[in-house]
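*Asks:* Just dropping this structure here.
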Amino acid sequence: MKSYPLRDTGFSVDLVPVAPNVFGFKLTHPDNSFLFPEASEWIANLKRAILENGDKELHLRLDKQRFKDLLAELPVLGFQLKHERTEFHSPVADLPDDQGTPISWKPMESLEEAAKALHAVAIGDPDYDPNEDALEGIKYYFGDANFKASSLQLGFIDNKLAALVIVQVKPDGWSRITYMGVHPDFRKRGLGKWVHRKGFSLMKEMGGKNYFGGTVSTNQSMLKVFRESGCRELRVLQEWIRK
Ligand SMILES: CC(C)(COP(=O)(O)OP(=O)(O)OC[C@H]1O[C@@H](n2cnc3c(N)ncnc32)[C@H](O)[C@@H]1OP(=O)(O)O)[C@@H](O)C(=O)NCCC(=O)NCCS
């Protein structure tokens with residue numbers, strides 16, 4: 001894929017595939033300094049990339065605070081705002097575990113069972129498309145070599161499916177909750193925090209060190225769950241698409 005060096009800064013913009021025929025721009029800073037290039041530099045390079053790749057679907061994900069000047073230019077360049085995500089961070093050691101939970105948990109037994117449960121708990125998530133193939137989604141998680149059956153747990157209350165949590169921990173301790181949800185029949189009873197905490201307990205067991213999580217900024221219930229867990233708000237990312 002072609003790389004576009006930014007003139008004086010040493011930064012480069014790469015086009016990276018994110019899905020078939022869908023590409024994202026990746027900004028690389030050479031020495032990990034946090035001196036970001038001027039918006040004018042960015043825009044010049046973005047225009048050049050669009051001229052050469054405008055036939056492809058292009059995605060941009062940018063920090064709302066840091067790239068204020070650039071964000072104002074994106075509609076002019078044909079990008080549309082898809083959504084905003086609020087991201088959080090916490091050292092895993094600082095997170096509460098799920099002692100005292102009212103939920104009984106068990107690891108998934110089959111891909112089909114997990115897919116059915118994922119579909120049931122995801123209803124109402126503004127970021128979930130009910131026409132999406134949940135089974136394909138589960139298979140995709142298994143593409144990660146560190147993913148085990150115990151990374152996906154189903155939660156029951158009175159023998160009824162009440163919740164699901166999926167956790168990912170990389171060998172360097174980077175951790176995330178790939179997905180979590182409460183079944184619609186069990187929502188608004190304060191269970192969200194217990195599902196989140198089950199995720200934290202699994203992370204601890206799996207050697208997690210740093211938890212990074214996030215949700216679309218319109219998911220008010222999930223934002224409340226994050227804040228209740230004591231996670232620190234890291235940044236707000238906007239995703240823009242040019243079709
Ligand atoms: C987000 C989600 C996990 C929250 O789970 P939940 O168990 O309903 O969470 P809580 O009960 O703790 O909080 C939800 C709401 O109920 C309220 N609530 C909590 N306890 C309550 C109680 N005992 N009685 C009435 N309301 C209550 C909370 O104040 C909160 O209010 P809000 O939605 O107006 O902000 C759930 O809505 C869900 O599964 N959504 C679909 C999947 C999803 O979005 N997953 C996250 C993807 S990142």
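Residue numbers start at 1 in each chain; chains themselves are named A, B, ... in the order of the structure tokens; ligands are numbered from 1 in the order shown.
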Can you tell me which residues come within 10 Å of ligand 1 when counting only C-alpha atoms and all ligand atoms, ideally as a PyMOL selection string?

*Replies:* chain A and resi 85-86+118-128+162-165+177-196+213-226+228

*Asks:* Please dump the current selection as a CSV table (one decimal), in the first residue's frame; keep C-alpha atoms.

*Replies:*
```csv
chain,number,residue,atom,x,y,z
A,85,ARG,CA,-16.7,6.5,20.5
A,86,THR,CA,-15.7,7.4,24.0
A,118,LEU,CA,-24.6,-12.6,21.5
A,119,HIS,CA,-27.6,-11.8,19.2
A,120,ALA,CA,-30.0,-11.8,22.2
A,121,VAL,CA,-28.0,-9.5,24.4
A,122,ALA,CA,-26.9,-7.1,21.7
A,123,ILE,CA,-30.4,-5.9,20.8
A,124,GLY,CA,-30.7,-2.2,21.5
A,125,ASP,CA,-27.0,-1.5,21.2
A,126,PRO,CA,-26.8,1.5,18.8
A,127,ASP,CA,-23.6,0.0,17.4
A,128,TYR,CA,-25.2,-3.5,16.6
A,162,ALA,CA,-29.2,-12.9,31.5
A,163,ALA,CA,-25.8,-11.7,30.1
A,164,LEU,CA,-22.7,-12.4,28.0
A,165,VAL,CA,-19.1,-11.2,28.3
A,177,ILE,CA,-13.9,-6.5,26.7
A,178,THR,CA,-14.6,-7.5,23.2
A,179,TYR,CA,-18.3,-7.4,23.9
A,180,MET,CA,-20.7,-7.4,26.8
A,181,GLY,CA,-24.4,-7.2,27.2
A,182,VAL,CA,-27.4,-7.8,29.4
A,183,HIS,CA,-30.5,-9.6,28.0
A,184,PRO,CA,-33.4,-7.1,27.5
A,185,ASP,CA,-35.5,-9.0,30.1
A,186,PHE,CA,-32.8,-8.3,32.8
A,187,ARG,CA,-31.9,-4.7,32.0
A,188,LYS,CA,-32.2,-1.6,34.3
A,189,ARG,CA,-31.6,-3.7,37.5
A,190,GLY,CA,-28.0,-2.6,37.9
A,191,LEU,CA,-26.6,-5.9,36.4
A,192,GLY,CA,-24.4,-4.0,33.8
A,193,LYS,CA,-21.7,-3.3,36.5
A,194,TRP,CA,-21.6,-7.0,37.4
A,195,VAL,CA,-21.1,-8.1,33.8
A,196,HIS,CA,-18.3,-5.5,33.5
A,213,GLY,CA,-12.5,-0.1,26.6
A,214,GLY,CA,-15.0,2.1,24.8
A,215,THR,CA,-18.5,2.5,23.4
A,216,VAL,CA,-20.4,4.7,20.9
A,217,SER,CA,-21.0,8.0,22.6
A,218,THR,CA,-24.8,7.6,22.2
A,219,ASN,CA,-24.8,4.4,24.4
A,220,GLN,CA,-25.7,6.3,27.6
A,221,SER,CA,-26.3,3.2,29.7
A,222,MET,CA,-22.9,1.7,28.8
A,223,LEU,CA,-21.1,5.1,29.5
A,224,LYS,CA,-22.7,5.0,32.9
A,225,VAL,CA,-21.4,1.5,33.5
A,226,PHE,CA,-17.8,2.6,32.5
A,228,GLU,CA,-19.3,3.4,37.7
```

*Asks:* Which residues are close to A:Ala114, i.e. within 9 Å by only C-alpha atoms, leaving aside same-chain residues fewer than 2 positions away? Reply as a list in words.

*Replies:*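 What passes the distance filter is Met108, Glu109, Ser110, Leu111, Glu112, Lys116, Ala117, Leu118, His119, Ala134, Leu135, Ile138, Leu152, Gln153, Leu154 and Leu164 of chain A.
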
*Asks:* For the selection just defined, write its residues with N, CA and C atoms to a file, as a PDB file, in the first residue's frame.

*Replies:*
```
ATOM      1  N   MET A 108     -18.694 -20.681  27.248  1.00  0.00           N
ATOM      2  CA  MET A 108     -19.494 -21.125  26.097  1.00  0.00           C
ATOM      3  C   MET A 108     -19.218 -22.582  25.789  1.00  0.00           C
ATOM      4  N   GLU A 109     -20.242 -23.290  25.281  1.00  0.00           N
ATOM      5  CA  GLU A 109     -20.048 -24.702  24.938  1.00  0.00           C
ATOM      6  C   GLU A 109     -19.949 -24.912  23.438  1.00  0.00           C
ATOM      7  N   SER A 110     -20.604 -24.064  22.664  1.00  0.00           N
ATOM      8  CA  SER A 110     -20.495 -24.197  21.210  1.00  0.00           C
ATOM      9  C   SER A 110     -20.591 -22.812  20.572  1.00  0.00           C
ATOM     10  N   LEU A 111     -20.085 -22.725  19.348  1.00  0.00           N
ATOM     11  CA  LEU A 111     -20.126 -21.447  18.620  1.00  0.00           C
ATOM     12  C   LEU A 111     -21.569 -21.003  18.405  1.00  0.00           C
ATOM     13  N   GLU A 112     -22.446 -21.987  18.115  1.00  0.00           N
ATOM     14  CA  GLU A 112     -23.853 -21.667  17.821  1.00  0.00           C
ATOM     15  C   GLU A 112     -24.544 -21.092  19.061  1.00  0.00           C
ATOM     16  N   LYS A 116     -26.067 -17.262  19.361  1.00  0.00           N
ATOM     17  CA  LYS A 116     -27.462 -17.014  19.742  1.00  0.00           C
ATOM     18  C   LYS A 116     -27.526 -16.044  20.928  1.00  0.00           C
ATOM     19  N   ALA A 117     -26.635 -16.286  21.901  1.00  0.00           N
ATOM     20  CA  ALA A 117     -26.608 -15.429  23.091  1.00  0.00           C
ATOM     21  C   ALA A 117     -26.146 -14.015  22.732  1.00  0.00           C
ATOM     22  N   LEU A 118     -25.129 -13.925  21.864  1.00  0.00           N
ATOM     23  CA  LEU A 118     -24.626 -12.601  21.451  1.00  0.00           C
ATOM     24  C   LEU A 118     -25.748 -11.799  20.809  1.00  0.00           C
ATOM     25  N   HIS A 119     -26.476 -12.446  19.907  1.00  0.00           N
ATOM     26  CA  HIS A 119     -27.573 -11.766  19.215  1.00  0.00           C
ATOM     27  C   HIS A 119     -28.643 -11.300  20.223  1.00  0.00           C
ATOM     28  N   ALA A 134     -24.249 -13.085  13.613  1.00  0.00           N
ATOM     29  CA  ALA A 134     -23.551 -13.180  14.912  1.00  0.00           C
ATOM     30  C   ALA A 134     -22.542 -14.327  14.910  1.00  0.00           C
ATOM     31  N   LEU A 135     -22.855 -15.419  14.189  1.00  0.00           N
ATOM     32  CA  LEU A 135     -21.950 -16.572  14.152  1.00  0.00           C
ATOM     33  C   LEU A 135     -20.624 -16.182  13.496  1.00  0.00           C
ATOM     34  N   ILE A 138     -18.571 -14.312  16.027  1.00  0.00           N
ATOM     35  CA  ILE A 138     -17.906 -15.174  17.014  1.00  0.00           C
ATOM     36  C   ILE A 138     -16.691 -15.858  16.380  1.00  0.00           C
ATOM     37  N   LEU A 152     -15.171 -16.394  26.528  1.00  0.00           N
ATOM     38  CA  LEU A 152     -16.571 -16.028  26.275  1.00  0.00           C
ATOM     39  C   LEU A 152     -17.452 -16.727  27.301  1.00  0.00           C
ATOM     40  N   GLN A 153     -18.081 -15.966  28.172  1.00  0.00           N
ATOM     41  CA  GLN A 153     -18.874 -16.553  29.252  1.00  0.00           C
ATOM     42  C   GLN A 153     -20.321 -16.106  29.154  1.00  0.00           C
ATOM     43  N   LEU A 154     -21.212 -17.053  29.472  1.00  0.00           N
ATOM     44  CA  LEU A 154     -22.647 -16.758  29.473  1.00  0.00           C
ATOM     45  C   LEU A 154     -23.105 -16.664  30.918  1.00  0.00           C
ATOM     46  N   LEU A 164     -23.853 -11.765  28.725  1.00  0.00           N
ATOM     47  CA  LEU A 164     -22.715 -12.369  28.026  1.00  0.00           C
ATOM     48  C   LEU A 164     -21.529 -11.419  28.154  1.00  0.00           C
TER      49      LEU A 164
END
```

*Asks:* Report the residues of stretch 86-183 of chain A whose backbone DSSP state falls under strand (DSSP E), written as a PyMOL selection string.

*Replies:* chain A and resi 86-91+104-107+152-157+160-169+174-182

*Asks:* List the neighbours of stretch 73-81 of chain A out to 9 Å using only C-alpha atoms; skip same-chain residues closer than 5 positions along the sequence, and give me the result as number ranges by chain.

*Replies:* A: 43, 46-47, 50, 58-60, 238-243

*Asks:* Between A:Glu205, A:Ala145, A:Leu70, A:Arg197, which is the closest to A:Asn45 once you count only C-alpha atoms?

*Replies:*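 With only C-alpha atoms as the atom set, the closest residue is A:Leu70.
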
*Asks:* Which residues, written as a count of residues only, have at least one atom at most 10 Å from A:Gly230, with only C-alpha atoms counted and residues fewer than 2 positions away on the same chain left out?

*Replies:* 12

*Asks:* Going by DSSP on the backbone, which bits of stretch 81-212 of chain A are helix (DSSP H, G or I)? Write them as a VMD selection string, please.

*Replies:* chain A and resid 92 to 94 111 to 122 134 to 142 149 to 151 184 to 186 192 to 205

*Asks:* Could you check how far atom CA of A:Ser175 sits from atom CA of A:Ala149, in Å to one decimal?

*Replies:*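 Value for the atom CA of A:Ser175-atom CA of A:Ala149 distance: 16.3 Å.
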
*Asks:* Take atom CA of A:Asp63 and atom CA of A:Tyr141 and report the distance between them in Å, one decimal.

*Replies:*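 Computed distance, atom CA of A:Asp63 to atom CA of A:Tyr141, equals 25.9 Å.
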
*Asks:* At what distance in Å, to one decimal, does atom CA of A:Arg61 lie from atom CA of A:Arg48?

*Replies:* 18.1 Å

*Asks:* Which is closest to A:Glu132 among A:Ala115, A:Gly24, A:Val92, A:Phe67, if we use only C-alpha atoms?

*Replies:*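 Using only C-alpha atoms, the shortest distance to A:Glu132 belongs to A:Ala115.
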